[in-house]
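Undergrad: If you scroll down you'll find the structure; I have some questions about it.
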Amino acid sequence: MSESLITQEPPASHGVASHCPYCALQCAMTLTPNSDASEPVTVTGREFPTNRGGLCRKGSSAAKVLGLGDRITQPMIRTAHGLEPTTWDHALTAITEAIRGTQREHGRDAVGIFGAGGLTNEKAYALGKFARAVLRTSRIDYNGRFCMSSAAAAGNRAFGLDRGLPFPLTDLDHAHAVLLIGSNVADTMPPFVQHLASAREHGGLFVIDPRESATADLTRSEERECGIHLAPTPGTDQELLLGLIHVVIAEGLYDAAYVASRTNGFARLKRTAQRYWPEHVQSLTGVPAAKIRAVARGLATAKDRGAFVLTGRGVEQHTNGSDTTSLAINLALLLGLPGREPGGYGTVTGQGNGQGGREHGQKCDQLPGYRSINDPQARAHVASVWGIDEQDIPGPGIDATQLLLSCGTDHGVRTLMIHGSNPVVSAPNATRVTRALADLDFLVVSDFVLSETAQLAHVILPVAQWAEEEGTMTNLEGRVIRRRRALPLPGAARDELAVLAELSTRLGSTMFFGTAEQMFEELTRASAGGRADYSGLSYDLLDQERACYWPYPAGSAGTPRLFRDSFPTADGRATLADVSPRAIAERIFDGAELTLITGRLLGHYQSGAQTRRVPELLASDPDGRVEINPETAHLYGVVEGQLLTLHNERGTVQARARLSRQIRRDTLFMPFHFAGSNSVNRLVSSATDPLSKMPEFKATRVWVSQEEQCVA
């Protein structure tokens with residue numbers, strides 16, 4: 001493993017066992033309270049399969065977010081003088097009156113909820129219940145729509161089920177080959193890297209990324225080649241995957257028995273792939289034909305000894321992301337990987353509860369247990385748990401992008417509640433989203449810092465942070481784990497479950513909202529029989545630190561590995577999706593334009609609302625620099641540190657140049673963690689994938705101009 005990607009800590013002798021507040025690895029840590037107000041717990045890594053006691057720099061510094069000097073600990077309300085402290089009674093009265101007035105004047109769907117993939121399962125479930133059973137609105141979605149939706153759509157289409165990794169992460173420890181497509185795990189979740197050691201040792205780490213990222217660097221060492229890096233032109237992932245599929249089929253490298261007995265659609269896929277021989281794909285993607293053949297053959301050679309295909313946001317965050325992910329799944333199915341041990345297809349989930357957050361009711365088209373809101377049986381089951389009539393549950397709503405853009409419009413959302421998200425920075429077409437939020441009649445933000453979105457709110461509710469609450473999370477493996485309280489709530493801050501309970505009562509509802517454990521028990525009943533069945537789980541069981549993977553029906557021992565014998569489809573077979581390359585939202589037309597791709601940095605997380613407040617993390621990356629190839633920089637007359645303006649029809653962003661040979665000459669890279677004029681999502685289109693409703697984050701047409709000659 002390169003440099004100190006992971007910091008190893010000795011185990012604490014006492015403290016509270018919990019998990020990291022950041023990514024979906026959910027690294028285990030021990031929280032030991034201390035008397036330092038600026039860092040009220042000591043964080044130490046704890047032994048757990050995903051991190052094996054190690055923590056990245058974000059996890060190691062997580063305690064500093066708990067003691068922030070600008071922590072919101074009292075409700076705030078907007079007055080003629082701006083946001084001012086207020087009482088809970090005043091804040092909740094204002095929210096109740098706003099909800100009632102909005103729904104009376106504009107209808108039930110004029111009130112909306114925007115959730116997050118970082119909320120506990122209990123909060124995600126409670127938000128869905130509050131929206132549908134108390135507010136009776138269909139307008140609920142969450143920021144996971146910008147993260148996992150294409151992978152979810154493709155997984156459901158192929159397998160009839162969507163679980164990030166349908167196998168334990170530690171299965172990768174035995175891999176001879178891993179194809180990692182569009183995921184820079186070395187920066188985004190460093191403890192993941194140790195699970196790639198076996199693939200590297202066998203020369204089988206294959207990375208597809210337009211950038212020579214930290215993960216792409218792992219394909220070689222000073223001593224030898226550890227794999228192959230493929231750097232396609234942005235937006236040509238589909239053609240590249242079809243090139244790999246072509247080689248697998250044309251050279252007879254696929255698992256014919258598996259394909260015949262466990263899949264449908266081979267003949268159609270074969271016809272499509274025939275058009276994508278390696279030399280043709282080279283002309284489309286810029287990837288040498290020899291590398292395409294080498295990767296296809298390497299995966300095929302390793303399929304009986306441990307081969308994996310893994311996707312990430314780089315191929316999923318496109319307007320054709322669902323189809324691209326389906327092609328990656330097709331490749332895995334042709335090789336007979338899903339259900340094989342070791343081996344398989346998986347997607348590298350991003351947010352801390354990106355998996356559980358989409359299973360229990362935050363998505364506009366789903367009910368708890370990963371049930372479709374259009375399924376009459378699903379509606380009847382959930383209605384019986386909630387004690388309401390099935391007809392009282394609204395139908396499907398609208399996706400996150402459209403929900404945000406509808407704000408403040410005549411037939412859109414007029415009052416919005418945002419929980420754990422900062423769409424002013426994280427949403428596509430962020431300038432337009434900011435205007436839409438400003439046009440709302442009433443905006444409520446539940447948060448613990450004054451994020452860019454909270455600054456627009458009419459009411460801000462101070463809520464618990466991760467170390468101050470009880471609950472459960474579901475990590476990237478589909479493993480359900482416990483989050484435990486180590487600290488009391490500061491000031492007047494409250495847990496969001498208690499807030500929803502009081503709001504429900506004030507709105508005249510008798511709907512039950514209880515403690516985290518009570519809500520989890522209800523969640524298990526609501527999910528029973530669904531694809532994400534938690535009915536056999538309980539806090540008592542999870543507190544035993546057992547490995548609990550869903551589906552976990554009552555009376556079972558859970559499901560660490562899916563698809564061993566069949567797929568949860570009508571005929572037990574997986575579908576080889578018949579998809580052909582479809583253009584992304586914005587193709588680049590001439591040399592005057594460059595392709596901008598967005599992504600993450602090692603030291604920051606999501607919109608940066610937390611990590612930009614940690615001094616050592618901010619010091620490592622104080623702003624969002626734009627990576628540009630030195631040859632491209634020369635053509636534009638750009639020098640290191642020069643302030644550049646990136647612009648298109650949606651907006652303008654300013655950032656200093658960082659010259660790097662890790663980026664293609666036709667491509668720019670910029671992280672999305674920063675705000676203001678440095679907020680790259682101002683440039684991103686609102687166009688979405690027709691199936692998943694994923695926005696186009698990874699290929700945006702921009703023009704570049706220089707602002708000054710200055711080396712920083």
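Labels for the structure tokens follow display order: chains A, B, ..., residues from 1 in each chain, ligands from 1.
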What lies within 8 Å of range 420-433 of chain A using only C-alpha atoms, ignoring chain neighbours under 6 positions off, as a PDB file with N, CA and C atoms, in the first residue's frame?
TA:
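Resulting contents of out27.pdb:
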ATOM      1  N   PHE A 114     -36.420  16.642   1.938  1.00  0.00           N
ATOM      2  CA  PHE A 114     -35.191  16.254   1.257  1.00  0.00           C
ATOM      3  C   PHE A 114     -34.267  15.650   2.304  1.00  0.00           C
ATOM      4  N   GLY A 115     -33.990  14.344   2.158  1.00  0.00           N
ATOM      5  CA  GLY A 115     -33.200  13.624   3.138  1.00  0.00           C
ATOM      6  C   GLY A 115     -31.766  13.411   2.690  1.00  0.00           C
ATOM      7  N   ALA A 116     -31.105  12.413   3.321  1.00  0.00           N
ATOM      8  CA  ALA A 116     -29.678  12.234   3.069  1.00  0.00           C
ATOM      9  C   ALA A 116     -29.252  10.791   3.273  1.00  0.00           C
ATOM     10  N   GLY A 118     -26.587  10.002   4.728  1.00  0.00           N
ATOM     11  CA  GLY A 118     -25.802   9.912   5.947  1.00  0.00           C
ATOM     12  C   GLY A 118     -26.652   9.730   7.182  1.00  0.00           C
ATOM     13  N   LEU A 119     -27.980   9.757   7.021  1.00  0.00           N
ATOM     14  CA  LEU A 119     -28.883   9.571   8.159  1.00  0.00           C
ATOM     15  C   LEU A 119     -28.937   8.104   8.552  1.00  0.00           C
ATOM     16  N   ASN A 143     -30.411  12.967  -1.117  1.00  0.00           N
ATOM     17  CA  ASN A 143     -29.207  13.224  -1.885  1.00  0.00           C
ATOM     18  C   ASN A 143     -28.539  11.961  -2.408  1.00  0.00           C
ATOM     19  N   PHE A 146     -28.123  11.482  -6.091  1.00  0.00           N
ATOM     20  CA  PHE A 146     -26.930  11.980  -6.770  1.00  0.00           C
ATOM     21  C   PHE A 146     -25.746  11.030  -6.609  1.00  0.00           C
ATOM     22  N   THR A 401     -33.538  15.927  -8.252  1.00  0.00           N
ATOM     23  CA  THR A 401     -33.235  17.076  -9.107  1.00  0.00           C
ATOM     24  C   THR A 401     -34.487  17.886  -9.387  1.00  0.00           C
ATOM     25  N   LEU A 404     -35.941  19.683  -6.179  1.00  0.00           N
ATOM     26  CA  LEU A 404     -35.270  20.927  -5.824  1.00  0.00           C
ATOM     27  C   LEU A 404     -35.601  22.042  -6.811  1.00  0.00           C
ATOM     28  N   LEU A 405     -35.623  21.705  -8.102  1.00  0.00           N
ATOM     29  CA  LEU A 405     -35.899  22.739  -9.100  1.00  0.00           C
ATOM     30  C   LEU A 405     -37.355  23.207  -9.075  1.00  0.00           C
ATOM     31  N   SER A 446     -32.476  21.064   9.188  1.00  0.00           N
ATOM     32  CA  SER A 446     -31.999  20.402  10.400  1.00  0.00           C
ATOM     33  C   SER A 446     -30.520  20.094  10.203  1.00  0.00           C
ATOM     34  N   ASP A 447     -29.683  20.697  11.015  1.00  0.00           N
ATOM     35  CA  ASP A 447     -28.238  20.531  10.833  1.00  0.00           C
ATOM     36  C   ASP A 447     -27.548  20.888  12.138  1.00  0.00           C
ATOM     37  N   SER A 451     -24.478  25.543   7.412  1.00  0.00           N
ATOM     38  CA  SER A 451     -24.059  25.214   6.046  1.00  0.00           C
ATOM     39  C   SER A 451     -24.554  26.272   5.077  1.00  0.00           C
ATOM     40  N   GLU A 452     -24.079  26.190   3.844  1.00  0.00           N
ATOM     41  CA  GLU A 452     -24.520  27.143   2.814  1.00  0.00           C
ATOM     42  C   GLU A 452     -26.031  27.066   2.609  1.00  0.00           C
ATOM     43  N   THR A 453     -26.603  25.871   2.753  1.00  0.00           N
ATOM     44  CA  THR A 453     -28.052  25.721   2.621  1.00  0.00           C
ATOM     45  C   THR A 453     -28.764  26.275   3.842  1.00  0.00           C
ATOM     46  N   ALA A 454     -28.224  26.012   5.039  1.00  0.00           N
ATOM     47  CA  ALA A 454     -28.838  26.515   6.265  1.00  0.00           C
ATOM     48  C   ALA A 454     -28.907  28.038   6.271  1.00  0.00           C
ATOM     49  N   GLN A 606     -18.038  14.935   0.796  1.00  0.00           N
ATOM     50  CA  GLN A 606     -19.303  15.473   0.292  1.00  0.00           C
ATOM     51  C   GLN A 606     -19.210  16.994   0.084  1.00  0.00           C
ATOM     52  N   SER A 607     -20.180  17.764   0.614  1.00  0.00           N
ATOM     53  CA  SER A 607     -20.196  19.202   0.355  1.00  0.00           C
ATOM     54  C   SER A 607     -19.165  19.955   1.181  1.00  0.00           C
ATOM     55  N   ALA A 609     -19.175  20.591   4.319  1.00  0.00           N
ATOM     56  CA  ALA A 609     -19.719  21.347   5.443  1.00  0.00           C
ATOM     57  C   ALA A 609     -19.058  20.961   6.762  1.00  0.00           C
ATOM     58  N   ARG A 650     -24.541  27.681 -17.781  1.00  0.00           N
ATOM     59  CA  ARG A 650     -25.185  27.604 -16.469  1.00  0.00           C
ATOM     60  C   ARG A 650     -24.516  28.463 -15.402  1.00  0.00           C
ATOM     61  N   GLY A 651     -23.252  28.791 -15.603  1.00  0.00           N
ATOM     62  CA  GLY A 651     -22.618  29.565 -14.554  1.00  0.00           C
ATOM     63  C   GLY A 651     -21.130  29.732 -14.753  1.00  0.00           C
ATOM     64  N   PHE A 672     -15.729  18.748  -5.704  1.00  0.00           N
ATOM     65  CA  PHE A 672     -17.006  19.437  -5.498  1.00  0.00           C
ATOM     66  C   PHE A 672     -17.264  19.797  -4.034  1.00  0.00           C
ATOM     67  N   HIS A 673     -16.239  19.788  -3.188  1.00  0.00           N
ATOM     68  CA  HIS A 673     -16.421  20.002  -1.756  1.00  0.00           C
ATOM     69  C   HIS A 673     -16.540  21.467  -1.357  1.00  0.00           C
ATOM     70  N   PHE A 674     -16.376  22.395  -2.293  1.00  0.00           N
ATOM     71  CA  PHE A 674     -16.202  23.798  -1.923  1.00  0.00           C
ATOM     72  C   PHE A 674     -17.388  24.653  -2.348  1.00  0.00           C
ATOM     73  N   ALA A 675     -17.487  25.820  -1.722  1.00  0.00           N
ATOM     74  CA  ALA A 675     -18.661  26.673  -1.898  1.00  0.00           C
ATOM     75  C   ALA A 675     -18.310  27.970  -2.611  1.00  0.00           C
ATOM     76  N   SER A 679     -17.473  26.678  -6.238  1.00  0.00           N
ATOM     77  CA  SER A 679     -18.442  25.580  -6.230  1.00  0.00           C
ATOM     78  C   SER A 679     -18.658  25.039  -7.640  1.00  0.00           C
ATOM     79  N   ASN A 681     -20.276  22.556  -8.909  1.00  0.00           N
ATOM     80  CA  ASN A 681     -21.590  22.089  -9.352  1.00  0.00           C
ATOM     81  C   ASN A 681     -22.470  23.199  -9.915  1.00  0.00           C
ATOM     82  N   ARG A 682     -21.989  24.431  -9.864  1.00  0.00           N
ATOM     83  CA  ARG A 682     -22.681  25.506 -10.577  1.00  0.00           C
ATOM     84  C   ARG A 682     -22.677  25.262 -12.085  1.00  0.00           C
ATOM     85  N   LEU A 683     -21.705  24.501 -12.554  1.00  0.00           N
ATOM     86  CA  LEU A 683     -21.550  24.273 -13.991  1.00  0.00           C
ATOM     87  C   LEU A 683     -22.268  23.026 -14.480  1.00  0.00           C
ATOM     88  N   VAL A 684     -22.674  22.158 -13.554  1.00  0.00           N
ATOM     89  CA  VAL A 684     -23.209  20.842 -13.905  1.00  0.00           C
ATOM     90  C   VAL A 684     -24.663  20.945 -14.358  1.00  0.00           C
ATOM     91  N   SER A 685     -24.997  20.173 -15.366  1.00  0.00           N
ATOM     92  CA  SER A 685     -26.337  20.199 -15.963  1.00  0.00           C
ATOM     93  C   SER A 685     -27.381  19.530 -15.072  1.00  0.00           C
ATOM     94  N   SER A 686     -28.631  19.952 -15.242  1.00  0.00           N
ATOM     95  CA  SER A 686     -29.760  19.304 -14.560  1.00  0.00           C
ATOM     96  C   SER A 686     -30.286  18.104 -15.333  1.00  0.00           C
ATOM     97  N   PRO A 695     -28.074  12.784 -12.188  1.00  0.00           N
ATOM     98  CA  PRO A 695     -27.573  13.910 -12.986  1.00  0.00           C
ATOM     99  C   PRO A 695     -26.232  13.590 -13.647  1.00  0.00           C
ATOM    100  N   GLU A 696     -25.858  14.451 -14.586  1.00  0.00           N
ATOM    101  CA  GLU A 696     -24.598  14.307 -15.318  1.00  0.00           C
ATOM    102  C   GLU A 696     -23.495  15.087 -14.606  1.00  0.00           C
ATOM    103  N   PHE A 697     -22.800  14.435 -13.669  1.00  0.00           N
ATOM    104  CA  PHE A 697     -21.744  15.090 -12.916  1.00  0.00           C
ATOM    105  C   PHE A 697     -20.360  14.927 -13.553  1.00  0.00           C
TER     106      PHE A 697
END
Undergrad: Give me the residues within 12 Å of Tyr22 in chain A as an mmCIF file with N, CA, C and O atoms, in the first residue's frame, counting only C-alpha atoms and dropping any in the same chain fewer than 2 places off.
TA:
data_model
loop_
_atom_site.group_PDB
_atom_site.id
_atom_site.type_symbol
_atom_site.label_atom_id
_atom_site.label_comp_id
_atom_site.auth_asym_id
_atom_site.auth_seq_id
_atom_site.Cartn_x
_atom_site.Cartn_y
_atom_site.Cartn_z
ATOM 1 N N HIS A 19 -18.948 3.682 14.952
ATOM 2 C CA HIS A 19 -18.415 3.666 13.589
ATOM 3 C C HIS A 19 -18.256 5.085 13.072
ATOM 4 O O HIS A 19 -18.887 6.023 13.556
ATOM 5 N N CYS A 20 -17.432 5.227 12.054
ATOM 6 C CA CYS A 20 -17.059 6.524 11.495
ATOM 7 C C CYS A 20 -18.280 7.255 10.914
ATOM 8 O O CYS A 20 -19.180 6.624 10.353
ATOM 9 N N ALA A 24 -19.071 4.846 3.361
ATOM 10 C CA ALA A 24 -19.818 3.595 3.523
ATOM 11 C C ALA A 24 -18.978 2.421 3.993
ATOM 12 O O ALA A 24 -19.518 1.350 4.256
ATOM 13 N N LEU A 25 -17.666 2.592 4.124
ATOM 14 C CA LEU A 25 -16.883 1.540 4.785
ATOM 15 C C LEU A 25 -17.325 1.395 6.226
ATOM 16 O O LEU A 25 -17.239 0.310 6.801
ATOM 17 N N GLN A 26 -17.788 2.506 6.817
ATOM 18 C CA GLN A 26 -18.217 2.515 8.206
ATOM 19 C C GLN A 26 -17.150 1.879 9.109
ATOM 20 O O GLN A 26 -17.421 0.964 9.896
ATOM 21 N N CYS A 27 -15.943 2.382 8.987
ATOM 22 C CA CYS A 27 -14.825 1.877 9.779
ATOM 23 C C CYS A 27 -15.163 1.931 11.267
ATOM 24 O O CYS A 27 -15.739 2.902 11.757
ATOM 25 N N ALA A 28 -14.772 0.880 11.967
ATOM 26 C CA ALA A 28 -15.064 0.806 13.396
ATOM 27 C C ALA A 28 -14.102 1.686 14.170
ATOM 28 O O ALA A 28 -12.914 1.776 13.855
ATOM 29 N N MET A 29 -14.620 2.341 15.195
ATOM 30 C CA MET A 29 -13.800 3.179 16.052
ATOM 31 C C MET A 29 -14.318 3.120 17.480
ATOM 32 O O MET A 29 -15.490 2.790 17.723
ATOM 33 N N LEU A 55 -7.763 3.974 10.295
ATOM 34 C CA LEU A 55 -8.648 5.085 9.967
ATOM 35 C C LEU A 55 -7.937 6.020 8.992
ATOM 36 O O LEU A 55 -6.724 6.213 9.092
ATOM 37 N N CYS A 56 -8.675 6.591 8.075
ATOM 38 C CA CYS A 56 -8.087 7.595 7.193
ATOM 39 C C CYS A 56 -8.025 8.929 7.931
ATOM 40 O O CYS A 56 -8.474 9.049 9.077
ATOM 41 N N ARG A 57 -7.514 9.943 7.273
ATOM 42 C CA ARG A 57 -7.348 11.233 7.956
ATOM 43 C C ARG A 57 -8.690 11.856 8.324
ATOM 44 O O ARG A 57 -8.803 12.569 9.328
ATOM 45 N N LYS A 58 -9.733 11.595 7.550
ATOM 46 C CA LYS A 58 -11.047 12.141 7.903
ATOM 47 C C LYS A 58 -11.567 11.468 9.172
ATOM 48 O O LYS A 58 -12.046 12.132 10.093
ATOM 49 N N GLY A 59 -11.494 10.132 9.206
ATOM 50 C CA GLY A 59 -11.950 9.422 10.387
ATOM 51 C C GLY A 59 -11.144 9.764 11.620
ATOM 52 O O GLY A 59 -11.691 9.940 12.726
ATOM 53 N N SER A 60 -9.827 9.890 11.467
ATOM 54 C CA SER A 60 -8.958 10.190 12.604
ATOM 55 C C SER A 60 -9.275 11.546 13.220
ATOM 56 O O SER A 60 -9.112 11.743 14.428
ATOM 57 N N SER A 61 -9.730 12.488 12.389
ATOM 58 C CA SER A 61 -10.011 13.841 12.887
ATOM 59 C C SER A 61 -11.501 14.079 13.123
ATOM 60 O O SER A 61 -11.916 15.217 13.374
ATOM 61 N N ALA A 62 -12.310 13.017 13.064
ATOM 62 C CA ALA A 62 -13.768 13.178 13.148
ATOM 63 C C ALA A 62 -14.213 13.835 14.449
ATOM 64 O O ALA A 62 -15.224 14.545 14.482
ATOM 65 N N ALA A 63 -13.477 13.615 15.537
ATOM 66 C CA ALA A 63 -13.890 14.172 16.827
ATOM 67 C C ALA A 63 -13.887 15.693 16.819
ATOM 68 O O ALA A 63 -14.631 16.327 17.578
ATOM 69 N N VAL A 65 -15.049 17.660 14.663
ATOM 70 C CA VAL A 65 -16.323 18.203 14.193
ATOM 71 C C VAL A 65 -17.324 18.298 15.334
ATOM 72 O O VAL A 65 -18.247 19.111 15.301
ATOM 73 N N GLY A 117 -28.175 10.418 2.580
ATOM 74 C CA GLY A 117 -27.605 9.090 2.712
ATOM 75 C C GLY A 117 -26.693 8.952 3.913
ATOM 76 O O GLY A 117 -26.076 7.901 4.096
ATOM 77 N N GLY A 118 -26.587 10.002 4.728
ATOM 78 C CA GLY A 118 -25.802 9.912 5.947
ATOM 79 C C GLY A 118 -26.652 9.730 7.182
ATOM 80 O O GLY A 118 -26.126 9.571 8.286
ATOM 81 N N LEU A 119 -27.980 9.757 7.021
ATOM 82 C CA LEU A 119 -28.883 9.571 8.159
ATOM 83 C C LEU A 119 -28.937 8.104 8.552
ATOM 84 O O LEU A 119 -28.765 7.213 7.726
ATOM 85 N N THR A 188 -10.887 8.302 -1.682
ATOM 86 C CA THR A 188 -12.213 8.444 -1.089
ATOM 87 C C THR A 188 -12.436 7.545 0.115
ATOM 88 O O THR A 188 -13.180 7.897 1.020
ATOM 89 N N MET A 189 -11.831 6.376 0.156
ATOM 90 C CA MET A 189 -11.946 5.471 1.305
ATOM 91 C C MET A 189 -10.656 4.658 1.444
ATOM 92 O O MET A 189 -10.617 3.474 1.123
ATOM 93 N N THR A 349 -20.409 1.726 -2.699
ATOM 94 C CA THR A 349 -21.322 2.718 -2.138
ATOM 95 C C THR A 349 -20.541 3.880 -1.535
ATOM 96 O O THR A 349 -19.483 3.679 -0.939
ATOM 97 N N GLY A 350 -21.072 5.101 -1.663
ATOM 98 C CA GLY A 350 -20.340 6.278 -1.237
ATOM 99 C C GLY A 350 -20.659 6.749 0.167
ATOM 100 O O GLY A 350 -19.831 6.667 1.070
ATOM 101 N N GLN A 351 -21.873 7.263 0.399
ATOM 102 C CA GLN A 351 -22.211 7.869 1.678
ATOM 103 C C GLN A 351 -22.294 6.821 2.791
ATOM 104 O O GLN A 351 -22.526 5.643 2.546
ATOM 105 N N GLY A 352 -22.157 7.307 4.038
ATOM 106 C CA GLY A 352 -22.105 6.426 5.189
ATOM 107 C C GLY A 352 -23.246 5.426 5.251
ATOM 108 O O GLY A 352 -23.038 4.248 5.530
ATOM 109 N N ASN A 353 -24.467 5.902 5.006
ATOM 110 C CA ASN A 353 -25.619 5.002 4.968
ATOM 111 C C ASN A 353 -26.262 5.058 3.587
ATOM 112 O O ASN A 353 -27.484 5.010 3.458
ATOM 113 N N GLY A 354 -25.409 5.136 2.574
ATOM 114 C CA GLY A 354 -25.929 5.157 1.210
ATOM 115 C C GLY A 354 -26.753 3.932 0.887
ATOM 116 O O GLY A 354 -27.683 3.994 0.074
ATOM 117 N N GLN A 465 -25.302 15.081 16.382
ATOM 118 C CA GLN A 465 -24.266 14.532 15.517
ATOM 119 C C GLN A 465 -24.131 13.045 15.802
ATOM 120 O O GLN A 465 -24.728 12.494 16.722
ATOM 121 N N TRP A 466 -23.275 12.398 15.014
ATOM 122 C CA TRP A 466 -23.123 10.951 15.028
ATOM 123 C C TRP A 466 -22.768 10.376 16.393
ATOM 124 O O TRP A 466 -23.270 9.309 16.756
ATOM 125 N N MET A 473 -26.703 1.778 10.943
ATOM 126 C CA MET A 473 -26.289 2.125 9.591
ATOM 127 C C MET A 473 -26.144 0.814 8.816
ATOM 128 O O MET A 473 -25.977 -0.260 9.411
ATOM 129 N N ASN A 475 -23.704 -0.671 5.869
ATOM 130 C CA ASN A 475 -22.511 -0.279 5.121
ATOM 131 C C ASN A 475 -22.543 -0.806 3.697
ATOM 132 O O ASN A 475 -23.537 -1.386 3.242
ATOM 133 N N GLY A 603 -8.833 14.569 1.672
ATOM 134 C CA GLY A 603 -9.083 15.209 2.952
ATOM 135 C C GLY A 603 -10.472 15.768 3.151
ATOM 136 O O GLY A 603 -10.752 16.308 4.230
ATOM 137 N N HIS A 604 -11.351 15.662 2.151
ATOM 138 C CA HIS A 604 -12.680 16.258 2.302
ATOM 139 C C HIS A 604 -13.777 15.246 1.993
ATOM 140 O O HIS A 604 -13.526 14.187 1.413
ATOM 141 N N TYR A 605 -15.003 15.618 2.386
ATOM 142 C CA TYR A 605 -16.136 14.704 2.260
ATOM 143 C C TYR A 605 -17.365 15.473 1.804
ATOM 144 O O TYR A 605 -17.687 16.548 2.352
ATOM 145 N N GLN A 606 -18.038 14.935 0.796
ATOM 146 C CA GLN A 606 -19.303 15.473 0.292
ATOM 147 C C GLN A 606 -19.210 16.994 0.084
ATOM 148 O O GLN A 606 -18.274 17.471 -0.534
ATOM 149 N N SER A 607 -20.180 17.764 0.614
ATOM 150 C CA SER A 607 -20.196 19.202 0.355
ATOM 151 C C SER A 607 -19.165 19.955 1.181
ATOM 152 O O SER A 607 -19.053 21.178 1.060
ATOM 153 N N GLY A 608 -18.416 19.245 2.032
ATOM 154 C CA GLY A 608 -17.370 19.888 2.825
ATOM 155 C C GLY A 608 -17.875 20.638 4.035
ATOM 156 O O GLY A 608 -17.074 21.271 4.743
ATOM 157 N N GLN A 610 -18.638 19.693 6.881
ATOM 158 C CA GLN A 610 -17.940 19.254 8.086
ATOM 159 C C GLN A 610 -16.427 19.394 7.932
ATOM 160 O O GLN A 610 -15.751 20.009 8.757
ATOM 161 N N THR A 611 -15.880 18.798 6.865
ATOM 162 C CA THR A 611 -14.418 18.719 6.761
ATOM 163 C C THR A 611 -13.767 20.068 6.528
ATOM 164 O O THR A 611 -12.603 20.268 6.917
#
Undergrad: Which is closer to Ala260 in chain A than all the others in A:Ala574, A:Ser660, A:Glu39, A:His381, using only C-alpha atoms?
TA: A:Ala574
Undergrad: Which residues come within 10 Å of Thr347 in chain A, counting only C-alpha atoms, excluding same-chain residues fewer than 5 positions away, as a CSV table (one decimal) with N, CA and C atoms, in the first residue's frame?
TA:
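Result file is selection14.csv:
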chain,number,residue,atom,x,y,z
A,148,MET,N,-26.1,6.9,-5.7
A,148,MET,CA,-26.2,5.5,-5.9
A,148,MET,C,-27.3,5.1,-6.9
A,151,ALA,N,-26.5,2.8,-10.0
A,151,ALA,CA,-26.1,1.5,-9.6
A,151,ALA,C,-27.3,0.7,-9.2
A,152,ALA,N,-28.2,1.4,-8.4
A,152,ALA,CA,-29.4,0.7,-7.9
A,152,ALA,C,-30.3,0.3,-9.1
A,155,GLY,N,-28.6,-2.6,-10.9
A,155,GLY,CA,-28.7,-3.9,-10.1
A,155,GLY,C,-30.1,-4.5,-10.1
A,162,ASP,N,-30.8,-4.8,-5.3
A,162,ASP,CA,-29.7,-3.9,-5.3
A,162,ASP,C,-29.0,-3.9,-3.9
A,163,ARG,N,-27.9,-4.5,-3.8
A,163,ARG,CA,-27.1,-4.3,-2.6
A,163,ARG,C,-25.7,-4.0,-3.0
A,164,GLY,N,-25.1,-2.9,-2.5
A,164,GLY,CA,-23.8,-2.4,-3.0
A,164,GLY,C,-22.8,-3.6,-3.3
A,165,LEU,N,-22.3,-4.2,-2.3
A,165,LEU,CA,-21.5,-5.4,-2.5
A,165,LEU,C,-22.3,-6.6,-2.0
A,166,PRO,N,-22.7,-7.5,-2.9
A,166,PRO,CA,-23.4,-8.7,-2.6
A,166,PRO,C,-22.6,-9.8,-2.0
A,180,LEU,N,-11.8,-2.2,-11.4
A,180,LEU,CA,-12.4,-1.1,-10.7
A,180,LEU,C,-12.7,0.0,-11.7
A,181,ILE,N,-13.9,0.3,-11.9
A,181,ILE,CA,-14.4,1.3,-12.9
A,181,ILE,C,-14.9,2.5,-12.3
A,183,SER,N,-13.8,4.6,-9.8
A,183,SER,CA,-13.8,4.7,-8.3
A,183,SER,C,-12.4,4.9,-7.9
A,309,VAL,N,-15.7,-7.4,-10.6
A,309,VAL,CA,-16.0,-6.2,-11.3
A,309,VAL,C,-16.7,-5.2,-10.4
A,310,LEU,N,-16.1,-4.1,-10.2
A,310,LEU,CA,-16.6,-3.1,-9.2
A,310,LEU,C,-16.8,-1.8,-9.9
A,311,THR,N,-17.9,-1.1,-9.7
A,311,THR,CA,-18.2,0.2,-10.3
A,311,THR,C,-18.3,1.3,-9.2
A,312,GLY,N,-18.1,2.5,-9.6
A,312,GLY,CA,-18.2,3.6,-8.7
A,312,GLY,C,-18.8,4.8,-9.5
A,313,ARG,N,-18.8,6.0,-8.8
A,313,ARG,CA,-19.5,7.1,-9.3
A,313,ARG,C,-19.0,7.6,-10.7
A,316,GLU,N,-21.2,6.0,-13.1
A,316,GLU,CA,-22.6,6.0,-12.7
A,316,GLU,C,-23.2,7.4,-12.8
A,325,THR,N,-23.5,1.1,-16.2
A,325,THR,CA,-23.4,0.1,-15.1
A,325,THR,C,-24.0,-1.3,-15.5
A,329,ILE,N,-22.1,-4.9,-15.4
A,329,ILE,CA,-22.8,-6.2,-14.8
A,329,ILE,C,-22.8,-7.2,-15.9
A,476,LEU,N,-21.4,-0.6,3.0
A,476,LEU,CA,-21.4,-1.0,1.6
A,476,LEU,C,-21.6,-2.4,1.3
A,477,GLU,N,-21.4,-3.3,2.3
A,477,GLU,CA,-21.6,-4.7,2.1
A,477,GLU,C,-23.0,-5.2,2.4
